[in-house]
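start-v6.txt follows; it contains compact mmCIF, N, CA and C atoms.
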```txt
# COMPACT_ATOMS: atom_id res chain seq x y z
N MET A 765 -13.40 82.87 -106.72
CA MET A 765 -14.38 83.89 -106.34
C MET A 765 -15.77 83.38 -106.69
N ASN A 766 -16.69 83.63 -105.78
CA ASN A 766 -18.06 83.19 -105.95
C ASN A 766 -18.99 84.38 -105.74
N ILE A 767 -19.82 84.67 -106.72
CA ILE A 767 -20.81 85.75 -106.62
C ILE A 767 -22.17 85.12 -106.41
N ARG A 768 -22.88 85.64 -105.40
CA ARG A 768 -24.20 85.09 -105.07
C ARG A 768 -25.06 86.17 -104.45
N PRO A 769 -26.38 85.93 -104.36
CA PRO A 769 -27.25 86.90 -103.68
C PRO A 769 -26.89 87.03 -102.20
N MET A 770 -27.02 88.23 -101.69
CA MET A 770 -26.79 88.46 -100.27
C MET A 770 -27.97 87.92 -99.48
N ASN A 771 -27.69 87.36 -98.29
CA ASN A 771 -28.77 86.94 -97.41
C ASN A 771 -28.51 87.50 -96.01
N LYS A 772 -29.45 87.29 -95.13
CA LYS A 772 -29.37 87.88 -93.79
C LYS A 772 -28.12 87.45 -93.03
N SER A 773 -27.63 86.26 -93.27
CA SER A 773 -26.43 85.82 -92.55
C SER A 773 -25.17 86.55 -93.02
N ASP A 774 -25.26 87.29 -94.12
CA ASP A 774 -24.13 88.05 -94.65
C ASP A 774 -24.07 89.48 -94.12
N VAL A 775 -25.12 89.93 -93.47
CA VAL A 775 -25.26 91.34 -93.11
C VAL A 775 -24.09 91.85 -92.27
N ALA A 776 -23.69 91.14 -91.25
CA ALA A 776 -22.60 91.62 -90.38
C ALA A 776 -21.31 91.80 -91.17
N ALA A 777 -20.98 90.85 -92.03
CA ALA A 777 -19.74 90.94 -92.82
C ALA A 777 -19.82 92.08 -93.83
N VAL A 778 -20.96 92.24 -94.48
CA VAL A 778 -21.13 93.32 -95.45
C VAL A 778 -21.06 94.67 -94.74
N ARG A 779 -21.73 94.77 -93.63
CA ARG A 779 -21.72 96.03 -92.87
C ARG A 779 -20.29 96.36 -92.42
N ALA A 780 -19.53 95.38 -91.99
CA ALA A 780 -18.14 95.62 -91.58
C ALA A 780 -17.31 96.17 -92.73
N LEU A 781 -17.56 95.72 -93.95
CA LEU A 781 -16.83 96.23 -95.10
C LEU A 781 -17.25 97.66 -95.46
N GLY A 782 -18.55 97.93 -95.37
CA GLY A 782 -19.07 99.20 -95.87
C GLY A 782 -19.09 100.35 -94.90
N VAL A 783 -19.11 100.08 -93.60
CA VAL A 783 -19.38 101.12 -92.61
C VAL A 783 -18.31 102.22 -92.57
N ASP A 784 -17.08 101.91 -92.86
CA ASP A 784 -16.02 102.92 -92.79
C ASP A 784 -15.67 103.57 -94.12
N GLN A 785 -16.43 103.27 -95.15
CA GLN A 785 -16.13 103.83 -96.47
C GLN A 785 -16.77 105.21 -96.61
N LYS A 786 -15.94 106.23 -96.81
CA LYS A 786 -16.44 107.61 -96.88
C LYS A 786 -17.45 107.81 -97.99
N GLU A 787 -17.28 107.12 -99.11
CA GLU A 787 -18.20 107.34 -100.23
C GLU A 787 -19.62 106.86 -99.94
N PHE A 788 -19.81 106.06 -98.89
CA PHE A 788 -21.14 105.61 -98.53
C PHE A 788 -21.78 106.51 -97.47
N SER A 789 -21.07 107.50 -96.98
CA SER A 789 -21.61 108.39 -95.94
C SER A 789 -22.58 109.39 -96.54
N THR A 790 -23.58 109.74 -95.74
CA THR A 790 -24.55 110.75 -96.14
C THR A 790 -24.70 111.74 -94.98
N ALA A 791 -25.46 112.77 -95.21
CA ALA A 791 -25.68 113.77 -94.17
C ALA A 791 -26.39 113.15 -92.95
N SER A 792 -27.11 112.06 -93.17
CA SER A 792 -27.85 111.45 -92.06
C SER A 792 -27.07 110.34 -91.37
N GLY A 793 -25.87 110.05 -91.83
CA GLY A 793 -25.09 109.00 -91.19
C GLY A 793 -24.18 108.29 -92.15
N SER A 794 -23.86 107.07 -91.80
CA SER A 794 -22.94 106.31 -92.62
C SER A 794 -23.67 105.24 -93.41
N PHE A 795 -23.03 104.15 -93.61
CA PHE A 795 -23.54 103.03 -94.39
C PHE A 795 -24.87 102.53 -93.82
N TRP A 796 -25.54 101.70 -94.57
CA TRP A 796 -26.83 101.13 -94.16
C TRP A 796 -26.73 100.48 -92.78
N THR A 797 -27.80 100.59 -92.02
CA THR A 797 -27.83 99.95 -90.70
C THR A 797 -28.01 98.45 -90.87
N HIS A 798 -27.75 97.73 -89.80
CA HIS A 798 -27.95 96.28 -89.78
C HIS A 798 -29.41 95.96 -90.12
N GLU A 799 -30.32 96.70 -89.52
CA GLU A 799 -31.75 96.46 -89.73
C GLU A 799 -32.15 96.74 -91.18
N GLN A 800 -31.61 97.83 -91.75
CA GLN A 800 -31.93 98.15 -93.15
C GLN A 800 -31.45 97.04 -94.08
N LEU A 801 -30.23 96.58 -93.86
CA LEU A 801 -29.69 95.52 -94.71
C LEU A 801 -30.48 94.22 -94.58
N GLU A 802 -30.85 93.86 -93.37
CA GLU A 802 -31.65 92.65 -93.17
C GLU A 802 -32.99 92.76 -93.88
N GLY A 803 -33.64 93.91 -93.73
CA GLY A 803 -34.93 94.12 -94.40
C GLY A 803 -34.79 94.09 -95.92
N TRP A 804 -33.71 94.66 -96.40
CA TRP A 804 -33.47 94.73 -97.84
C TRP A 804 -33.27 93.33 -98.42
N CYS A 805 -32.69 92.44 -97.65
CA CYS A 805 -32.50 91.06 -98.11
C CYS A 805 -33.82 90.38 -98.45
N GLU A 806 -34.91 90.87 -97.90
CA GLU A 806 -36.22 90.26 -98.13
C GLU A 806 -36.89 90.75 -99.41
N SER A 807 -36.33 91.76 -100.06
CA SER A 807 -36.93 92.30 -101.26
C SER A 807 -36.82 91.32 -102.43
N PRO A 808 -37.94 90.96 -103.04
CA PRO A 808 -37.87 90.04 -104.18
C PRO A 808 -37.44 90.72 -105.47
N ASP A 809 -37.49 92.05 -105.51
CA ASP A 809 -37.22 92.77 -106.75
C ASP A 809 -35.81 93.33 -106.85
N ASP A 810 -35.22 93.70 -105.71
CA ASP A 810 -33.89 94.31 -105.73
C ASP A 810 -32.82 93.25 -105.94
N VAL A 811 -31.65 93.69 -106.36
CA VAL A 811 -30.52 92.78 -106.58
C VAL A 811 -29.40 93.19 -105.64
N LEU A 812 -29.12 92.30 -104.69
CA LEU A 812 -28.04 92.52 -103.72
C LEU A 812 -27.09 91.33 -103.84
N LEU A 813 -25.87 91.61 -104.26
CA LEU A 813 -24.90 90.55 -104.48
C LEU A 813 -23.70 90.69 -103.57
N VAL A 814 -23.14 89.56 -103.20
CA VAL A 814 -21.86 89.54 -102.49
C VAL A 814 -20.90 88.68 -103.29
N VAL A 815 -19.62 88.94 -103.09
CA VAL A 815 -18.59 88.11 -103.71
C VAL A 815 -17.74 87.54 -102.59
N GLU A 816 -17.50 86.23 -102.67
CA GLU A 816 -16.72 85.54 -101.66
C GLU A 816 -15.40 85.06 -102.26
N ASP A 817 -14.38 85.06 -101.42
CA ASP A 817 -13.10 84.47 -101.76
C ASP A 817 -12.71 83.60 -100.57
N ASN A 818 -12.61 82.30 -100.80
CA ASN A 818 -12.34 81.36 -99.70
C ASN A 818 -13.35 81.51 -98.56
N GLU A 819 -14.63 81.61 -98.93
CA GLU A 819 -15.75 81.71 -97.98
C GLU A 819 -15.76 82.99 -97.14
N ARG A 820 -14.97 83.98 -97.54
CA ARG A 820 -14.95 85.29 -96.87
C ARG A 820 -15.51 86.32 -97.83
N ILE A 821 -16.49 87.11 -97.38
CA ILE A 821 -17.07 88.14 -98.24
C ILE A 821 -16.03 89.25 -98.45
N VAL A 822 -15.72 89.53 -99.72
CA VAL A 822 -14.72 90.54 -100.06
C VAL A 822 -15.31 91.67 -100.91
N GLY A 823 -16.61 91.64 -101.14
CA GLY A 823 -17.22 92.72 -101.91
C GLY A 823 -18.73 92.56 -102.00
N PHE A 824 -19.35 93.64 -102.48
CA PHE A 824 -20.80 93.63 -102.64
C PHE A 824 -21.22 94.68 -103.64
N SER A 825 -22.42 94.51 -104.17
CA SER A 825 -23.03 95.49 -105.06
C SER A 825 -24.53 95.43 -104.85
N PHE A 826 -25.16 96.60 -104.66
CA PHE A 826 -26.59 96.67 -104.35
C PHE A 826 -27.32 97.52 -105.39
N TYR A 827 -28.45 97.02 -105.84
CA TYR A 827 -29.29 97.70 -106.81
C TYR A 827 -30.73 97.73 -106.28
N ALA A 828 -31.30 98.92 -106.15
CA ALA A 828 -32.68 99.09 -105.69
C ALA A 828 -33.57 99.35 -106.91
N THR A 829 -34.64 98.60 -107.01
CA THR A 829 -35.51 98.73 -108.18
C THR A 829 -36.77 99.52 -107.83
N HIS A 830 -37.27 100.20 -108.84
CA HIS A 830 -38.55 100.90 -108.72
C HIS A 830 -39.48 100.22 -109.72
N VAL A 831 -40.25 99.27 -109.23
CA VAL A 831 -41.04 98.39 -110.07
C VAL A 831 -41.98 99.15 -111.01
N PRO A 832 -42.73 100.17 -110.56
CA PRO A 832 -43.68 100.82 -111.48
C PRO A 832 -43.03 101.45 -112.70
N THR A 833 -41.81 101.98 -112.57
CA THR A 833 -41.18 102.67 -113.70
C THR A 833 -40.09 101.84 -114.37
N GLY A 834 -39.64 100.78 -113.72
CA GLY A 834 -38.58 99.96 -114.28
C GLY A 834 -37.20 100.56 -114.12
N LYS A 835 -37.09 101.59 -113.31
CA LYS A 835 -35.79 102.23 -113.08
C LYS A 835 -35.06 101.52 -111.94
N VAL A 836 -33.76 101.40 -112.10
CA VAL A 836 -32.93 100.78 -111.08
C VAL A 836 -31.91 101.81 -110.60
N THR A 837 -31.78 101.94 -109.29
CA THR A 837 -30.75 102.81 -108.71
C THR A 837 -29.65 101.92 -108.16
N TRP A 838 -28.46 102.13 -108.72
CA TRP A 838 -27.29 101.39 -108.25
C TRP A 838 -26.81 102.10 -107.01
N GLU A 839 -26.95 101.47 -105.88
CA GLU A 839 -26.67 102.10 -104.60
C GLU A 839 -25.20 102.01 -104.20
N ASN A 840 -24.63 100.83 -104.23
CA ASN A 840 -23.26 100.66 -103.73
C ASN A 840 -22.50 99.61 -104.51
N LEU A 841 -21.20 99.82 -104.61
CA LEU A 841 -20.26 98.82 -105.09
C LEU A 841 -19.03 98.94 -104.21
N TYR A 842 -18.59 97.82 -103.67
CA TYR A 842 -17.36 97.83 -102.88
C TYR A 842 -16.62 96.52 -103.08
N VAL A 843 -15.31 96.64 -103.27
CA VAL A 843 -14.43 95.47 -103.33
C VAL A 843 -13.28 95.73 -102.38
N ASP A 844 -13.05 94.79 -101.48
CA ASP A 844 -11.95 94.89 -100.53
C ASP A 844 -10.62 94.99 -101.29
N PRO A 845 -9.68 95.79 -100.79
CA PRO A 845 -8.39 95.93 -101.48
C PRO A 845 -7.70 94.59 -101.79
N SER A 846 -7.93 93.58 -100.95
CA SER A 846 -7.31 92.27 -101.19
C SER A 846 -7.86 91.57 -102.43
N ALA A 847 -9.02 92.00 -102.92
CA ALA A 847 -9.65 91.37 -104.07
C ALA A 847 -9.64 92.25 -105.31
N ARG A 848 -9.03 93.40 -105.22
CA ARG A 848 -8.98 94.32 -106.37
C ARG A 848 -7.93 93.86 -107.37
N GLY A 849 -8.10 94.30 -108.61
CA GLY A 849 -7.16 93.94 -109.66
C GLY A 849 -7.36 92.53 -110.19
N LYS A 850 -8.47 91.91 -109.83
CA LYS A 850 -8.77 90.54 -110.25
C LYS A 850 -10.10 90.47 -111.00
N ASP A 851 -10.56 91.60 -111.51
CA ASP A 851 -11.85 91.71 -112.19
C ASP A 851 -13.04 91.41 -111.28
N THR A 852 -12.85 91.57 -109.98
CA THR A 852 -13.93 91.31 -109.02
C THR A 852 -15.08 92.29 -109.21
N GLY A 853 -14.76 93.58 -109.28
CA GLY A 853 -15.80 94.59 -109.50
C GLY A 853 -16.51 94.38 -110.81
N LYS A 854 -15.74 94.12 -111.85
CA LYS A 854 -16.31 93.88 -113.17
C LYS A 854 -17.27 92.70 -113.14
N SER A 855 -16.86 91.63 -112.47
CA SER A 855 -17.72 90.44 -112.37
C SER A 855 -19.00 90.74 -111.60
N LEU A 856 -18.90 91.52 -110.53
CA LEU A 856 -20.09 91.92 -109.76
C LEU A 856 -21.06 92.71 -110.63
N ILE A 857 -20.52 93.67 -111.37
CA ILE A 857 -21.36 94.51 -112.23
C ILE A 857 -22.03 93.67 -113.32
N GLN A 858 -21.27 92.84 -113.97
CA GLN A 858 -21.82 92.02 -115.05
C GLN A 858 -22.89 91.06 -114.53
N GLU A 859 -22.64 90.46 -113.39
CA GLU A 859 -23.64 89.53 -112.81
C GLU A 859 -24.91 90.28 -112.42
N ALA A 860 -24.75 91.46 -111.83
CA ALA A 860 -25.93 92.25 -111.45
C ALA A 860 -26.73 92.64 -112.69
N HIS A 861 -26.05 93.09 -113.73
CA HIS A 861 -26.76 93.50 -114.95
C HIS A 861 -27.49 92.31 -115.58
N LYS A 862 -26.87 91.15 -115.54
CA LYS A 862 -27.53 89.94 -116.05
C LYS A 862 -28.81 89.66 -115.27
N ARG A 863 -28.72 89.73 -113.95
CA ARG A 863 -29.89 89.45 -113.11
C ARG A 863 -30.98 90.51 -113.29
N LEU A 864 -30.57 91.78 -113.42
CA LEU A 864 -31.54 92.85 -113.63
C LEU A 864 -32.27 92.66 -114.96
N LYS A 865 -31.55 92.31 -116.01
CA LYS A 865 -32.17 92.07 -117.32
C LYS A 865 -33.16 90.91 -117.22
N GLU A 866 -32.78 89.85 -116.50
CA GLU A 866 -33.67 88.70 -116.33
C GLU A 866 -34.97 89.10 -115.63
N LYS A 867 -34.91 90.12 -114.78
CA LYS A 867 -36.10 90.60 -114.07
C LYS A 867 -36.87 91.62 -114.92
N GLY A 868 -36.34 91.99 -116.09
CA GLY A 868 -37.04 92.90 -117.00
C GLY A 868 -36.63 94.36 -116.88
N TYR A 869 -35.58 94.66 -116.15
CA TYR A 869 -35.13 96.05 -115.99
C TYR A 869 -34.15 96.41 -117.10
N SER A 870 -34.17 97.70 -117.49
CA SER A 870 -33.30 98.11 -118.58
C SER A 870 -32.64 99.48 -118.38
N TYR A 871 -32.88 100.12 -117.24
CA TYR A 871 -32.34 101.47 -117.03
C TYR A 871 -31.76 101.57 -115.63
N VAL A 872 -30.46 101.90 -115.55
CA VAL A 872 -29.78 101.99 -114.26
C VAL A 872 -29.19 103.39 -114.10
N VAL A 873 -29.41 103.98 -112.93
CA VAL A 873 -28.82 105.28 -112.60
C VAL A 873 -27.98 105.12 -111.34
N LEU A 874 -27.04 106.03 -111.15
CA LEU A 874 -26.22 105.99 -109.95
C LEU A 874 -25.73 107.38 -109.61
N GLN A 875 -25.31 107.52 -108.39
CA GLN A 875 -24.68 108.74 -107.89
C GLN A 875 -23.23 108.39 -107.59
N ASN A 876 -22.30 109.13 -108.15
CA ASN A 876 -20.87 108.86 -108.00
C ASN A 876 -20.31 109.68 -106.84
N ASN A 877 -20.09 109.02 -105.70
CA ASN A 877 -19.56 109.69 -104.51
C ASN A 877 -18.11 109.32 -104.24
N SER A 878 -17.44 108.69 -105.19
CA SER A 878 -16.08 108.24 -104.93
C SER A 878 -15.14 109.44 -104.79
N GLU A 879 -14.04 109.22 -104.10
CA GLU A 879 -13.07 110.29 -103.92
C GLU A 879 -12.43 110.68 -105.23
N ASP A 880 -12.27 109.75 -106.15
CA ASP A 880 -11.73 110.02 -107.47
C ASP A 880 -12.84 109.80 -108.49
N GLN A 881 -13.72 110.78 -108.60
CA GLN A 881 -14.90 110.64 -109.44
C GLN A 881 -14.56 110.40 -110.91
N GLU A 882 -13.53 111.08 -111.41
CA GLU A 882 -13.16 110.91 -112.82
C GLU A 882 -12.71 109.48 -113.10
N ARG A 883 -11.92 108.92 -112.20
CA ARG A 883 -11.43 107.56 -112.37
C ARG A 883 -12.58 106.55 -112.33
N PHE A 884 -13.50 106.72 -111.38
CA PHE A 884 -14.63 105.82 -111.29
C PHE A 884 -15.53 105.97 -112.51
N ALA A 885 -15.76 107.20 -112.96
CA ALA A 885 -16.58 107.43 -114.15
C ALA A 885 -15.94 106.76 -115.38
N SER A 886 -14.63 106.88 -115.49
CA SER A 886 -13.92 106.23 -116.59
C SER A 886 -14.08 104.71 -116.53
N TYR A 887 -13.99 104.15 -115.33
CA TYR A 887 -14.18 102.71 -115.12
C TYR A 887 -15.57 102.28 -115.57
N LEU A 888 -16.59 103.06 -115.21
CA LEU A 888 -17.97 102.69 -115.54
C LEU A 888 -18.27 102.76 -117.03
N LYS A 889 -17.53 103.58 -117.74
CA LYS A 889 -17.79 103.72 -119.19
C LYS A 889 -17.59 102.40 -119.93
N GLN A 890 -16.72 101.52 -119.42
CA GLN A 890 -16.52 100.23 -120.09
C GLN A 890 -17.78 99.36 -120.03
N PHE A 891 -18.72 99.70 -119.15
CA PHE A 891 -19.97 98.97 -119.03
C PHE A 891 -21.12 99.69 -119.73
N GLY A 892 -20.81 100.77 -120.45
CA GLY A 892 -21.83 101.50 -121.20
C GLY A 892 -22.45 102.67 -120.47
N PHE A 893 -21.99 102.97 -119.27
CA PHE A 893 -22.53 104.13 -118.55
C PHE A 893 -22.04 105.42 -119.19
N LYS A 894 -22.89 106.43 -119.15
CA LYS A 894 -22.56 107.76 -119.67
C LYS A 894 -22.80 108.78 -118.57
N SER A 895 -22.01 109.83 -118.57
CA SER A 895 -22.23 110.91 -117.60
C SER A 895 -23.53 111.61 -117.93
N GLY A 896 -24.32 111.89 -116.90
CA GLY A 896 -25.57 112.60 -117.10
C GLY A 896 -25.32 114.04 -117.52
N GLU A 897 -26.02 114.47 -118.52
CA GLU A 897 -25.89 115.85 -118.98
C GLU A 897 -27.13 116.66 -118.67
N ARG A 898 -28.23 115.96 -118.40
CA ARG A 898 -29.49 116.65 -118.16
C ARG A 898 -29.99 116.49 -116.75
N VAL A 899 -29.20 115.86 -115.88
CA VAL A 899 -29.68 115.54 -114.55
C VAL A 899 -28.90 116.28 -113.49
N LEU A 900 -29.59 116.90 -112.59
CA LEU A 900 -28.98 117.51 -111.41
C LEU A 900 -29.48 116.70 -110.23
N TRP A 901 -28.59 116.04 -109.54
CA TRP A 901 -28.97 115.24 -108.38
C TRP A 901 -29.17 116.17 -107.20
N MET A 902 -30.31 116.10 -106.56
CA MET A 902 -30.60 116.89 -105.37
C MET A 902 -31.16 115.93 -104.34
N ASP A 903 -30.96 116.23 -103.07
CA ASP A 903 -31.54 115.36 -102.07
C ASP A 903 -32.01 116.15 -100.87
N GLN A 904 -32.85 115.51 -100.08
CA GLN A 904 -33.38 116.09 -98.87
C GLN A 904 -33.70 114.96 -97.92
N PHE A 905 -33.33 115.10 -96.68
CA PHE A 905 -33.66 114.11 -95.67
C PHE A 905 -34.93 114.54 -94.96
N LEU A 906 -35.91 113.65 -94.91
CA LEU A 906 -37.18 113.95 -94.26
C LEU A 906 -37.07 113.63 -92.77
N ASP A 907 -37.43 114.57 -91.95
CA ASP A 907 -37.36 114.36 -90.50
C ASP A 907 -38.50 113.52 -90.01
```
Would you mind writing the structure in this file as structure tokens?
Amino acid sequence: MNIRPMNKSDVAAVRALGVDQKEFSTASGSFWTHEQLEGWCESPDDVLLVVEDNERIVGFSFYATHVPTGKVTWENLYVDPSARGKDTGKSLIQEAHKRLKEKGYSYVVLQNNSEDQERFASYLKQFGFKSGERVLWMDQFLD
């Protein structure tokens, strides 16, 4: 397994993995568009990683940074079923956190949209994440 930054040539493969995942759907649509992902690859501050197995992308993890405040929003994590149970997700998370620390970031937030929220929350606790007790996530789509 090889973890590396995502680039524009990875967009089609990443989109194919993410587009049908229910946890990535929002009221405005599904997973990121091809154009959004390509544009995001150009960001010098964000951390977008892919994991390859035999030169095939089998997972990804995306972190969007807010430079003025130093806050990082963990947007997505996905590992193909063929690569699960091999510490692939763990490796993606650890590599992303290493890269974020190198860039000077120290605070990560996320929204848990998984079908089994308790299981995912339990998984994240091994990395030091805690359930928010003071935060109510609200959203609005601007027309």
Closest of A:Phe824, A:Asp817, A:Val836, A:Tyr842 to Lys786 in chain A, counting only C-alpha atoms, is A:Tyr842
In Å, rounded to a single decimal, give me how far atom N of Val811 in chain A is from atom C of Phe893 in chain A.
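Atom N of Val811 in chain A lies at a distance of 19.9 Å from atom C of Phe893 in chain A.
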So which bits of chain A end up strand (DSSP E or B) when you DSSP the backbone, as a count of residues only?
37
Run DSSP on the backbone and grab whatever in range 810-867 of chain A lands in helix (DSSP H, G or I); send it over as a list in words.
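Taking range 810-867 of chain A and keeping helix (DSSP H, G or I) only, one gets Pro845, Ser846, Ala847, Thr852, Gly853, Lys854, Ser855, Leu856, Ile857, Gln858, Glu859, Ala860, His861, Lys862, Arg863, Leu864, Lys865 and Glu866 of chain A.
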Between A:Gly782, A:Pro769, A:Gly868, A:Gly892, which one has atoms that come closest to Gly834 in chain A, using all atoms listed in the file?
A:Gly868
Record the distance separating atom C of Gln890 in chain A and atom N of Lys862 in chain A, expressed in Å with one decimal.
13.0 Å
Separation of atom N of Val778 in chain A from atom N of Ser886 in chain A in Å
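Those two atoms sit 26.4 Å apart.
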Counting only C-alpha atoms, which residue out of A:Gly823, A:Gly803, A:Gly853, A:Pro845 sits closest to Leu888 in chain A?
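Answer, going by the shortest atom-to-atom distance: A:Gly853.
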Between A:Gln881, A:Ser895, A:Asn771, A:Gln875, which one has atoms that come closest to Val814 in chain A, using only C-alpha atoms?
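Of A:Gln881, A:Ser895, A:Asn771, A:Gln875, the one nearest Val814 in chain A, counting only C-alpha atoms, is A:Asn771.
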List the spatial neighbours of Cys805 in chain A as a list in words - criterion: any atom at most 12 Å away, only C-alpha atoms, same-chain residues fewer than 6 positions off excluded.
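In the requested format, the answer is Pro769, Met770, Asn771, Lys772, Ser773, Asp774, Val775, Val778, His798, Glu799, Val811, Leu812, Leu813, Val814, Phe826, Tyr827 and Ala828 of chain A.
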Just want the 9 Å neighbourhood of Leu874 in chain A, counted on only C-alpha atoms, with same-chain residues fewer than 2 positions away dropped. Output as a VMD selection string.
chain A and resid 836 to 840 872 876
Using only N, CA and C atoms, which residue out of A:Lys835, A:Met765, A:Thr797, A:Leu841 lies closest to Arg779 in chain A?
A:Thr797
Which one is closest to Asn818 in chain A: A:Thr833, A:Glu802, A:Asn766, A:Arg863? Count all atoms listed in the file.
A:Asn766
Excluding Asp844 in chain A and its own-chain neighbours fewer than 4 positions away, which residues fall within 9 Å of it when counting only C-alpha atoms? Please give them as a PDB file with N, CA and C atoms, in the coordinates of the input.
```pdb
ATOM      1  N   LEU A 781     -17.560  95.720 -93.950  1.00  0.00           N
ATOM      2  CA  LEU A 781     -16.830  96.230 -95.100  1.00  0.00           C
ATOM      3  C   LEU A 781     -17.250  97.660 -95.460  1.00  0.00           C
ATOM      4  N   ILE A 821     -16.490  87.110 -97.380  1.00  0.00           N
ATOM      5  CA  ILE A 821     -17.070  88.140 -98.240  1.00  0.00           C
ATOM      6  C   ILE A 821     -16.030  89.250 -98.450  1.00  0.00           C
ATOM      7  N   VAL A 822     -15.720  89.530 -99.720  1.00  0.00           N
ATOM      8  CA  VAL A 822     -14.720  90.540-100.060  1.00  0.00           C
ATOM      9  C   VAL A 822     -15.310  91.670-100.910  1.00  0.00           C
ATOM     10  N   GLY A 823     -16.610  91.640-101.140  1.00  0.00           N
ATOM     11  CA  GLY A 823     -17.220  92.720-101.910  1.00  0.00           C
ATOM     12  C   GLY A 823     -18.730  92.560-102.000  1.00  0.00           C
ATOM     13  N   ARG A 848      -9.030  93.400-105.220  1.00  0.00           N
ATOM     14  CA  ARG A 848      -8.980  94.320-106.370  1.00  0.00           C
ATOM     15  C   ARG A 848      -7.930  93.860-107.370  1.00  0.00           C
TER      16      ARG A 848
END
```
